[in-house]
$ cat target.csv   # CSV, C-alpha atoms and all ligand atoms
chain,number,residue,atom,x,y,z
A,1,MET,CA,-10.1,-9.1,16.8
A,2,ASP,CA,-7.3,-11.6,17.4
A,3,ALA,CA,-3.7,-11.0,16.1
A,4,TYR,CA,-4.1,-13.4,13.2
A,5,GLU,CA,-7.2,-11.7,12.0
A,6,LEU,CA,-5.6,-8.2,12.4
A,7,LEU,CA,-2.6,-9.4,10.4
A,8,THR,CA,-4.6,-10.9,7.6
A,9,ARG,CA,-7.9,-9.0,7.2
A,10,ASN,CA,-8.3,-7.4,3.8
A,11,ALA,CA,-5.0,-9.0,2.6
A,12,GLU,CA,-5.1,-10.3,-0.9
A,13,GLU,CA,-2.4,-12.8,-0.3
A,14,VAL,CA,-0.5,-14.3,2.6
A,15,VAL,CA,2.8,-16.1,2.0
A,16,THR,CA,2.6,-18.5,3.7
A,17,ASP,CA,-0.5,-18.8,5.9
A,18,GLU,CA,1.3,-21.1,8.2
A,19,GLU,CA,4.2,-18.7,8.7
A,20,VAL,CA,1.9,-15.9,9.4
A,21,ARG,CA,-0.1,-18.0,11.9
A,22,ASP,CA,3.1,-18.7,13.7
A,23,LEU,CA,4.0,-15.1,13.8
A,24,ALA,CA,0.5,-14.1,15.1
A,25,GLU,CA,1.0,-16.5,18.0
A,26,ASP,CA,3.5,-14.1,19.4
A,27,ALA,CA,3.2,-10.9,17.4
A,28,ALA,CA,3.9,-8.3,20.1
A,29,GLY,CA,7.3,-6.7,19.6
A,30,LYS,CA,7.9,-8.3,16.2
A,31,ARG,CA,9.0,-6.1,13.3
A,32,ALA,CA,7.2,-5.6,10.0
A,33,TYR,CA,8.5,-3.5,7.2
A,34,VAL,CA,7.1,-1.8,4.2
A,35,GLY,CA,9.1,0.3,1.8
A,36,TYR,CA,8.1,3.3,-0.3
A,37,GLU,CA,9.9,5.2,-3.0
A,38,PRO,CA,9.6,8.7,-1.6
A,39,SER,CA,7.1,11.0,-3.4
A,40,GLY,CA,5.9,14.3,-2.0
A,41,VAL,CA,2.3,13.4,-1.6
A,42,LEU,CA,0.7,10.2,-0.3
A,43,HIS,CA,-2.1,8.8,-2.3
A,44,LEU,CA,-4.6,6.0,-1.7
A,45,GLY,CA,-2.1,3.4,-2.8
A,46,HIS,CA,0.2,4.3,0.1
A,47,LEU,CA,-2.7,4.6,2.5
A,48,LEU,CA,-3.9,1.1,1.7
A,49,THR,CA,-0.6,-0.4,3.0
A,50,ALA,CA,-0.7,2.1,5.8
A,51,ASN,CA,-4.0,0.7,6.9
A,52,LYS,CA,-2.4,-2.7,7.2
A,53,LEU,CA,0.5,-1.2,9.2
A,54,ILE,CA,-2.1,0.3,11.6
A,55,ASP,CA,-3.6,-3.2,12.0
A,56,LEU,CA,-0.2,-4.6,12.7
A,57,GLN,CA,0.4,-2.0,15.4
A,58,GLU,CA,-2.9,-2.8,16.9
A,59,ALA,CA,-1.6,-6.4,17.3
A,60,GLY,CA,1.5,-4.9,19.1
A,61,MET,CA,4.0,-5.1,16.2
A,62,GLU,CA,6.6,-2.5,15.4
A,63,VAL,CA,6.6,-1.1,11.9
A,64,VAL,CA,9.7,-0.1,10.0
A,65,ILE,CA,9.0,2.2,7.1
A,66,LEU,CA,11.8,2.2,4.6
A,67,LEU,CA,12.1,5.5,2.8
A,68,ALA,CA,13.6,3.9,-0.3
A,69,ASP,CA,15.7,6.9,-1.5
A,70,VAL,CA,18.3,4.8,-3.4
A,71,HIS,CA,15.5,2.7,-5.0
A,72,ALA,CA,13.7,5.9,-6.1
A,73,TYR,CA,17.0,7.1,-7.6
A,74,LEU,CA,17.5,3.8,-9.4
A,75,ASN,CA,13.9,4.1,-10.7
A,76,GLU,CA,14.6,7.6,-12.0
A,77,LYS,CA,12.4,9.5,-9.7
A,78,GLY,CA,14.5,12.6,-9.6
A,79,SER,CA,17.8,13.9,-8.1
A,80,PHE,CA,19.0,12.4,-4.9
A,81,GLU,CA,18.5,15.7,-3.0
A,82,ASP,CA,14.9,16.1,-4.2
A,83,ILE,CA,14.1,12.6,-3.3
A,84,ARG,CA,15.4,13.1,0.3
A,85,GLU,CA,13.3,16.3,0.7
A,86,THR,CA,10.1,14.7,-0.4
A,87,ALA,CA,10.8,11.8,2.0
A,88,GLU,CA,10.6,14.1,4.9
A,89,GLN,CA,7.2,15.3,3.9
A,90,MET,CA,6.0,11.8,3.5
A,91,LYS,CA,7.0,10.9,7.0
A,92,ALA,CA,4.9,13.7,8.5
A,93,GLN,CA,1.9,12.6,6.4
A,94,PHE,CA,2.2,9.0,7.6
A,95,LEU,CA,2.1,10.1,11.2
A,96,ALA,CA,-0.8,12.4,10.6
A,97,TYR,CA,-2.7,9.6,9.0
A,98,GLY,CA,-2.7,7.6,12.3
A,99,LEU,CA,0.4,5.5,12.6
A,100,ASP,CA,1.6,5.2,16.1
A,101,GLU,CA,4.7,7.3,16.6
A,102,GLU,CA,6.0,5.0,19.4
A,103,LEU,CA,5.7,1.9,17.2
A,104,THR,CA,7.0,3.4,13.9
A,105,GLU,CA,10.6,3.6,12.8
A,106,PHE,CA,11.6,5.5,9.6
A,107,VAL,CA,14.8,4.4,7.9
A,108,TYR,CA,16.4,5.8,4.8
A,109,GLY,CA,17.7,3.2,2.4
A,110,SER,CA,20.9,5.2,2.0
A,111,GLU,CA,21.7,4.8,5.7
A,112,PHE,CA,22.8,1.2,5.1
A,113,GLN,CA,22.6,0.4,1.4
A,114,LEU,CA,25.9,2.1,0.6
A,115,GLU,CA,28.0,0.1,3.2
A,116,ASP,CA,30.7,-2.3,2.2
A,117,ASP,CA,29.0,-5.5,3.5
A,118,TYR,CA,25.8,-4.6,1.8
A,119,THR,CA,27.5,-3.9,-1.5
A,120,LEU,CA,29.4,-7.2,-1.4
A,121,ASP,CA,26.2,-9.1,-0.6
A,122,LEU,CA,24.5,-7.3,-3.4
A,123,HIS,CA,27.2,-8.5,-5.8
A,124,HIS,CA,26.7,-12.0,-4.5
A,125,LEU,CA,23.0,-11.8,-5.2
A,126,GLU,CA,23.8,-10.5,-8.7
A,127,ARG,CA,25.8,-13.7,-9.3
A,128,GLU,CA,22.9,-15.9,-8.1
A,129,THR,CA,20.2,-14.2,-10.2
A,130,THR,CA,19.6,-14.3,-14.0
A,131,MET,CA,18.8,-11.1,-15.8
A,132,ASN,CA,15.5,-12.6,-16.9
A,133,ARG,CA,14.5,-13.4,-13.3
A,134,ALA,CA,15.3,-10.0,-12.0
A,135,GLN,CA,13.5,-8.3,-14.8
A,136,ARG,CA,10.4,-10.4,-14.2
A,137,ALA,CA,10.5,-9.5,-10.5
A,138,MET,CA,10.5,-5.8,-11.5
A,139,ALA,CA,8.0,-5.9,-14.3
A,140,GLU,CA,5.0,-4.7,-12.3
A,141,ILE,CA,6.9,-2.0,-10.4
A,142,GLN,CA,8.7,-0.5,-13.3
A,143,GLY,CA,6.1,-0.2,-16.1
A,144,ASP,CA,6.9,-0.5,-19.8
A,145,GLU,CA,9.9,1.6,-20.5
A,146,THR,CA,13.0,-0.2,-21.6
A,147,ALA,CA,14.7,-1.9,-18.6
A,148,LYS,CA,18.0,-0.5,-17.6
A,149,VAL,CA,20.6,-2.3,-15.5
A,150,SER,CA,19.3,-0.1,-12.5
A,151,HIS,CA,16.0,-1.9,-12.8
A,152,LEU,CA,17.7,-5.3,-12.4
A,153,VAL,CA,19.6,-4.1,-9.3
A,154,TYR,CA,16.4,-2.7,-7.7
A,155,PRO,CA,14.7,-6.0,-6.8
A,156,LEU,CA,17.9,-7.5,-5.6
A,157,MET,CA,18.4,-4.6,-3.2
A,158,GLN,CA,14.8,-4.9,-2.0
A,159,THR,CA,15.5,-8.5,-1.4
A,160,LEU,CA,18.6,-7.8,0.7
A,161,ASP,CA,16.8,-5.0,2.7
A,162,ILE,CA,14.6,-7.6,4.2
A,163,GLU,CA,17.6,-9.2,5.7
A,164,TYR,CA,19.5,-6.0,6.6
A,165,LEU,CA,16.5,-4.4,8.4
A,166,ASP,CA,16.2,-7.5,10.6
A,167,LEU,CA,12.5,-8.1,10.0
A,168,ASP,CA,9.9,-10.7,10.8
A,169,LEU,CA,7.3,-9.8,8.1
A,170,ALA,CA,7.3,-8.0,4.8
A,171,VAL,CA,4.2,-6.0,3.8
A,172,GLY,CA,3.5,-4.6,0.4
A,173,GLY,CA,0.9,-4.1,-2.4
A,174,LEU,CA,0.2,-7.1,-4.6
A,175,ASP,CA,2.6,-5.4,-7.2
A,176,GLN,CA,5.5,-6.3,-4.8
A,177,ARG,CA,4.8,-10.0,-4.8
A,178,LYS,CA,7.3,-11.1,-7.4
A,179,VAL,CA,10.1,-9.3,-5.5
A,180,HIS,CA,9.1,-11.0,-2.3
A,181,MET,CA,9.0,-14.4,-4.1
A,182,LEU,CA,12.5,-13.6,-5.4
A,183,ALA,CA,13.6,-12.9,-1.8
A,184,ARG,CA,12.1,-16.1,-0.6
A,185,GLU,CA,14.1,-18.0,-3.2
A,186,LYS,CA,17.4,-16.2,-3.0
A,187,LEU,CA,17.9,-15.3,0.7
A,188,PRO,CA,18.6,-18.9,1.7
A,189,GLU,CA,21.3,-19.1,-1.0
A,190,LEU,CA,23.1,-16.4,1.0
A,191,ASP,CA,22.4,-18.3,4.2
A,192,TYR,CA,19.8,-15.8,5.3
A,193,GLU,CA,16.3,-16.6,6.6
A,194,VAL,CA,13.0,-16.5,4.7
A,195,ARG,CA,10.3,-14.2,6.0
A,196,PRO,CA,6.6,-14.3,5.4
A,197,ALA,CA,4.9,-11.6,3.4
A,198,ILE,CA,1.4,-10.1,3.4
A,199,HIS,CA,0.2,-8.4,0.2
A,200,THR,CA,-2.6,-5.8,0.1
A,201,PRO,CA,-5.0,-5.5,-2.8
A,202,ILE,CA,-4.6,-3.0,-5.6
A,203,VAL,CA,-7.6,-0.7,-6.0
A,204,ALA,CA,-9.0,-0.4,-9.6
A,205,ASN,CA,-9.0,2.8,-11.6
A,206,LEU,CA,-11.7,5.1,-10.3
A,207,THR,CA,-13.2,6.2,-13.6
A,208,ASP,CA,-13.8,2.8,-15.3
A,209,GLY,CA,-13.0,0.1,-12.7
A,210,GLU,CA,-10.3,-1.3,-15.0
A,211,GLY,CA,-6.7,-2.1,-14.2
A,212,LYS,CA,-5.2,-0.4,-11.2
A,213,MET,CA,-5.5,3.1,-9.7
A,214,SER,CA,-2.2,4.9,-10.4
A,215,SER,CA,-0.9,8.4,-10.0
A,216,SER,CA,0.6,8.3,-13.5
A,217,GLU,CA,-2.6,7.5,-15.3
A,218,GLY,CA,-6.2,8.2,-14.6
A,219,ILE,CA,-7.5,9.7,-11.4
A,220,THR,CA,-6.1,9.1,-7.9
A,221,ILE,CA,-7.0,10.5,-4.6
A,222,SER,CA,-4.2,12.0,-2.6
A,223,MET,CA,-3.4,13.8,0.6
A,224,GLU,CA,-3.4,17.2,-1.2
A,225,ASP,CA,-6.9,17.0,-2.5
A,226,SER,CA,-9.3,19.6,-1.1
A,227,THR,CA,-12.7,18.5,0.1
A,228,ASP,CA,-14.2,19.8,-3.1
A,229,GLU,CA,-11.7,18.1,-5.4
A,230,LEU,CA,-12.2,14.9,-3.5
A,231,GLU,CA,-15.9,15.1,-3.9
A,232,ASP,CA,-15.7,15.7,-7.6
A,233,LYS,CA,-13.4,12.8,-8.1
A,234,VAL,CA,-15.6,10.4,-6.1
A,235,ASN,CA,-18.7,11.6,-7.9
A,236,SER,CA,-17.1,10.9,-11.3
A,237,ALA,CA,-16.3,7.3,-10.2
A,238,TYR,CA,-17.6,4.2,-11.9
A,239,CYS,CA,-20.2,2.7,-9.6
A,240,PRO,CA,-22.6,0.1,-11.1
A,241,PRO,CA,-24.9,-1.4,-8.5
A,242,THR,CA,-22.9,-4.6,-8.2
A,243,ARG,CA,-19.8,-6.1,-6.7
A,244,ASP,CA,-19.0,-7.9,-9.9
A,245,PRO,CA,-19.4,-5.6,-12.9
A,246,GLU,CA,-19.4,-7.1,-16.4
A,247,PRO,CA,-16.0,-6.9,-18.3
A,248,SER,CA,-15.8,-3.9,-20.6
A,249,GLU,CA,-16.4,-4.3,-24.3
A,250,ASP,CA,-12.8,-5.2,-25.1
A,251,GLY,CA,-13.0,-7.9,-22.4
A,252,THR,CA,-11.0,-6.1,-19.7
A,253,GLU,CA,-12.0,-7.2,-16.2
A,254,ARG,CA,-13.7,-4.5,-14.1
A,255,GLU,CA,-14.2,-3.9,-10.4
A,256,ASN,CA,-16.5,-1.5,-8.5
A,257,PRO,CA,-13.9,1.0,-7.2
A,258,VAL,CA,-16.4,2.7,-4.9
A,259,LEU,CA,-17.1,-0.5,-3.1
A,260,GLU,CA,-13.3,-1.3,-3.0
A,261,LEU,CA,-12.6,2.1,-1.4
A,262,PHE,CA,-15.3,1.4,1.2
A,263,GLU,CA,-13.9,-2.1,1.9
A,264,TYR,CA,-10.2,-1.3,2.0
A,265,HIS,CA,-10.1,2.3,3.2
A,266,VAL,CA,-13.3,3.3,5.1
A,267,PHE,CA,-14.5,0.2,7.0
A,268,PRO,CA,-11.1,-0.7,8.5
A,269,ARG,CA,-10.8,2.8,10.0
A,270,PHE,CA,-14.4,3.6,11.3
A,271,ASP,CA,-16.6,1.5,13.6
A,272,GLU,CA,-19.7,2.8,12.0
A,273,ILE,CA,-20.6,4.4,8.6
A,274,VAL,CA,-23.7,6.6,8.4
A,275,VAL,CA,-25.3,7.4,5.0
A,276,GLU,CA,-27.2,10.6,5.5
A,277,ARG,CA,-30.4,10.7,3.6
A,278,PRO,CA,-33.5,13.0,3.8
A,279,GLU,CA,-36.5,11.4,5.4
A,280,LYS,CA,-38.4,11.3,2.0
A,281,TYR,CA,-35.7,9.0,0.6
A,282,GLY,CA,-35.9,6.7,3.6
A,283,GLY,CA,-33.7,8.5,6.1
A,284,ASP,CA,-30.2,7.7,7.4
A,285,LEU,CA,-28.6,4.2,6.9
A,286,THR,CA,-26.0,2.9,9.4
A,287,TYR,CA,-23.5,0.2,8.7
A,288,ASP,CA,-20.9,-1.5,10.8
A,289,ASP,CA,-20.0,-4.1,8.2
A,290,TYR,CA,-18.9,-3.7,4.6
A,291,GLU,CA,-20.9,-6.7,3.4
A,292,ASP,CA,-24.2,-5.1,4.5
A,293,LEU,CA,-23.4,-1.9,2.6
A,294,ALA,CA,-22.4,-3.9,-0.6
A,295,ALA,CA,-25.6,-6.0,-0.3
A,296,ASP,CA,-27.7,-2.8,-0.1
A,297,LEU,CA,-26.0,-1.3,-3.1
A,298,GLU,CA,-26.8,-4.6,-5.1
A,299,SER,CA,-30.4,-4.7,-3.9
A,300,GLY,CA,-31.0,-1.1,-4.8
A,301,ASP,CA,-31.7,-0.1,-1.1
A,302,LEU,CA,-28.6,2.1,-1.3
A,303,HIS,CA,-28.4,4.4,-4.4
A,304,PRO,CA,-24.9,4.8,-6.0
A,305,ALA,CA,-25.1,8.6,-5.6
A,306,ASP,CA,-25.6,8.3,-1.8
A,307,ALA,CA,-22.8,5.7,-1.6
A,308,LYS,CA,-20.5,8.1,-3.4
A,309,GLY,CA,-21.4,11.1,-1.3
A,310,THR,CA,-20.8,9.1,1.9
A,311,LEU,CA,-17.5,7.7,0.6
A,312,ALA,CA,-16.3,11.3,-0.1
A,313,THR,CA,-17.2,12.4,3.4
A,314,TYR,CA,-15.3,9.6,5.1
A,315,LEU,CA,-12.2,9.7,2.8
A,316,ASP,CA,-12.1,13.5,3.5
A,317,GLU,CA,-12.0,12.8,7.2
A,318,LEU,CA,-9.2,10.3,6.7
A,319,ILE,CA,-6.9,12.6,4.6
A,320,ALA,CA,-7.7,15.8,6.4
A,321,PRO,CA,-4.9,15.7,9.1
A,322,GLY,CA,-2.3,14.7,6.5
A,323,ARG,CA,-3.5,17.5,4.1
A,324,GLU,CA,-3.2,20.1,6.9
A,325,LYS,CA,0.4,18.8,7.6
A,326,LEU,CA,1.3,19.0,4.0
A,327,TYR,CA,0.0,22.6,3.5
A,328,GLU,CA,1.8,23.6,6.7
A,329,LEU,CA,5.1,22.2,5.4
A,330,ARG,CA,4.7,24.0,2.1
A,331,ASP,CA,4.1,27.4,3.7
A,401,LIG,C1,9.9,-1.1,-1.3
A,401,LIG,C2,10.3,-0.3,-2.2
A,401,LIG,C3,11.6,-0.1,-2.5
A,401,LIG,C4,12.5,-0.7,-1.7
A,401,LIG,C5,12.2,-1.5,-0.7
A,401,LIG,C6,13.1,-2.2,0.0
A,401,LIG,C7,12.7,-3.0,1.0
A,401,LIG,C8,11.4,-3.2,1.2
A,401,LIG,C9,10.5,-2.6,0.5
A,401,LIG,C10,10.8,-1.7,-0.5
A,401,LIG,C11,9.3,0.5,-3.0
A,401,LIG,C12,8.4,-0.5,-3.8
A,401,LIG,C13,7.5,0.3,-4.7
A,401,LIG,N1,9.2,-1.4,-4.6
A,401,LIG,O1,7.2,-0.2,-5.8
A,401,LIG,O2,6.9,1.3,-4.3

$ encode --input "target.csv" --output "structure tokens"
Amino acid sequence: MDAYELLTRNAEEVVTDEEVRDLAEDAAGKRAYVGYEPSGVLHLGHLLTANKLIDLQEAGMEVVILLADVHAYLNEKGSFEDIRETAEQMKAQFLAYGLDEELTEFVYGSEFQLEDDYTLDLHHLERETTMNRAQRAMAEIQGDETAKVSHLVYPLMQTLDIEYLDLDLAVGGLDQRKVHMLAREKLPELDYEVRPAIHTPIVANLTDGEGKMSSSEGITISMEDSTDELEDKVNSAYCPPTRDPEPSEDGTERENPVLELFEYHVFPRFDEIVVERPEKYGGDLTYDDYEDLAADLESGDLHPADAKGTLATYLDELIAPGREKLYELRD
């Protein structure tokens, strides 16, 4: 796979394609970043961007993971001490998941976000940005509670971080796109450069295929799930035999979350997927391409129950090293 393909496969959005093509021409040694609010346990949302980071490393890029402790504090995720502690656990899980230790740098936001220059630049950005604009940038990250001033500062800091970490590419879930658009608009006003961004898809809710999978609502799969828990969760998932389920009765769009997990989590990490089946049900099926598996589910050649069982097995293999690390750290 060439560098451009590695950078963009499974991306939901590339801003802009031309900038990313230029970057891919000479990707080795370039720096990409992603930021996470520290939380103790990684879930599939984190791992979806991590898969992209692994792609980037395969293309020779270095990856900076910002452990956004100050951002988590602004977003009311706990005391500053608790946030720092969970960040350390997070680091260990990322490495166990398969990020290349040589090509990964972890940075705490508080290492540079409390410096004088940064603070003054932040105030400059505050002067350049309307409250309405900042609030819109934050809407998908923050949820519904009443916005506080901290929620307006948050996207402005995320904007500045792109400059301060000296990066060539920003990576994030699609929920980060409005912040990245704000950054593209505002960084030039401070005489800083614009960087391209790559956004990964957001997987739908496991139980009904609606909206997005989230740890606060519905079921999510995380690094701490046991093999049995994971199997139960996957078996309870919504999986009609189609890529394009009908909207629900109230008109809400639905996806097939089982297929999404195969596409975004399993196929990027394994060369070959084997669906084990007894001879009397047709014997094993082998896939090296997501499209073939999706087509077999649609045609009925692959039963949803077999798809789920296989999905659970491969997800379990993916999270097992991080799960062991997590249990070890807790002992
Ligand atoms: C991502 C987050 C917080 C701060 C960042 C700073 C720079 C780059 C990326 C960052 C977390 C992200 C989230 N906003 O919603 O998880």

$ residues_near_ligand --input "target.csv" --ligand "ligand LIG 401 (chain A)" --cutoff "6 Å" --atoms "only C-alpha atoms and all ligand atoms" --output "NGL selection string"
:A and (34-37 or 68 or 71 or 141 or 158 or 161-162)

$ residues_around --input "target.csv" --residues "Leu6 in chain A" --least-positions-apart "2" --cutoff "8 Å" --atoms "only C-alpha atoms" --output "number ranges by chain"
A: 1-4, 8-9, 55-56, 58-59

$ write_last_selection --input "target.csv" --atoms "C-alpha atoms" --output "short mmCIF file (atom, residue, chain, number, x, y, z; two decimals), keeping the file's coordinate frame"
data_model
loop_
_atom_site.label_atom_id
_atom_site.label_comp_id
_atom_site.auth_asym_id
_atom_site.auth_seq_id
_atom_site.Cartn_x
_atom_site.Cartn_y
_atom_site.Cartn_z
CA MET A 1 -10.10 -9.10 16.80
CA ASP A 2 -7.30 -11.60 17.40
CA ALA A 3 -3.70 -11.00 16.10
CA TYR A 4 -4.10 -13.40 13.20
CA THR A 8 -4.60 -10.90 7.60
CA ARG A 9 -7.90 -9.00 7.20
CA ASP A 55 -3.60 -3.20 12.00
CA LEU A 56 -0.20 -4.60 12.70
CA GLU A 58 -2.90 -2.80 16.90
CA ALA A 59 -1.60 -6.40 17.30
#

$ residues_around --input "target.csv" --residues "Gln93 in chain A" --least-positions-apart "4" --cutoff "12 Å" --atoms "only C-alpha atoms" --output "ChimeraX atom specification"
/A:38-43,46-47,50,86-89,97-99,101,222-224,318-329

$ closest_atom_pairs --input "target.csv" --of "range 228-267 of chain A" --to "range 204-221 of chain A" --cutoff "9 Å" --atoms "all atoms listed in the file" --output "CSV"
residue,atom,partner,partner_atom,distance
A:Glu229,CA,A:Ile221,CA,9.0
A:Leu230,CA,A:Ile221,CA,6.9
A:Lys233,CA,A:Ile219,CA,7.4
A:Val234,CA,A:Leu206,CA,7.8
A:Ser236,CA,A:Thr207,CA,6.5
A:Ala237,CA,A:Thr207,CA,4.7
A:Tyr238,CA,A:Thr207,CA,5.1
A:Cys239,CA,A:Gly209,CA,8.3
A:Pro245,CA,A:Gly209,CA,8.6
A:Pro247,CA,A:Glu210,CA,8.6
A:Ser248,CA,A:Glu210,CA,8.3
A:Thr252,CA,A:Glu210,CA,6.8
A:Glu253,CA,A:Glu210,CA,6.3
A:Arg254,CA,A:Glu210,CA,4.8
A:Glu255,CA,A:Gly209,CA,4.8
A:Asn256,CA,A:Gly209,CA,5.7
A:Pro257,CA,A:Leu206,CA,5.6
A:Val258,CA,A:Leu206,CA,7.6
A:Glu260,CA,A:Ala204,CA,7.9

$ closest_residue --input "target.csv" --among "A:Val275, A:Arg269, A:Gly78, A:Ala72" --to "Tyr154 in chain A" --atoms "all atoms listed in the file"
A:Ala72

$ atom_distance --input "target.csv" --atom1 "CA of Ile65 in chain A" --atom2 "CA of Phe94 in chain A"
9.6 Å

$ atom_distance --input "target.csv" --atom1 "CA of Gly29 in chain A" --atom2 "CA of Gln57 in chain A"
9.3 Å

$ residues_near_point --input "target.csv" --point "(-3.3, -4.2, -6.3)" --cutoff "8 Å" --atoms "only C-alpha atoms" --output "VMD selection string"
chain A and resid 173 to 175 200 to 204 212

$ atom_distance --input "target.csv" --atom1 "CA of Glu298 in chain A" --atom2 "CA of Thr242 in chain A"
5.0 Å

$ residues_around --input "target.csv" --residues "Val149 in chain A" --least-positions-apart "6" --cutoff "12 Å" --atoms "all atoms listed in the file" --output "number ranges by chain"
A: 74-75, 126, 131-132, 134-135, 138, 155-156

$ closest_residue --input "target.csv" --among "A:Leu114, A:Val64, A:Ala312, A:Ala96" --to "His265 in chain A" --atoms "all atoms listed in the file"
A:Ala312

$ closest_residue --input "target.csv" --among "A:Ala197, A:Ser299, A:Glu105, A:Ala11" --to "Asn51 in chain A" --atoms "all atoms listed in the file"
A:Ala11

$ residues_near_point --input "target.csv" --point "(-20.9, 6.6, 5.3)" --cutoff "10 Å" --atoms "all atoms listed in the file" --output "MDAnalysis selection string"
chainID A and resid 262 266:267 270 272:276 284:288 293 306:315

$ closest_residue --input "target.csv" --among "A:Asp191, A:Glu145, A:Asp69, A:Asp292" --to "Glu163 in chain A" --atoms "all atoms listed in the file"
A:Asp191

$ closest_residue --input "target.csv" --among "A:Lys186, A:Arg177, A:Lys30, A:Lys91" --to "Leu122 in chain A" --atoms "all atoms listed in the file"
A:Lys186
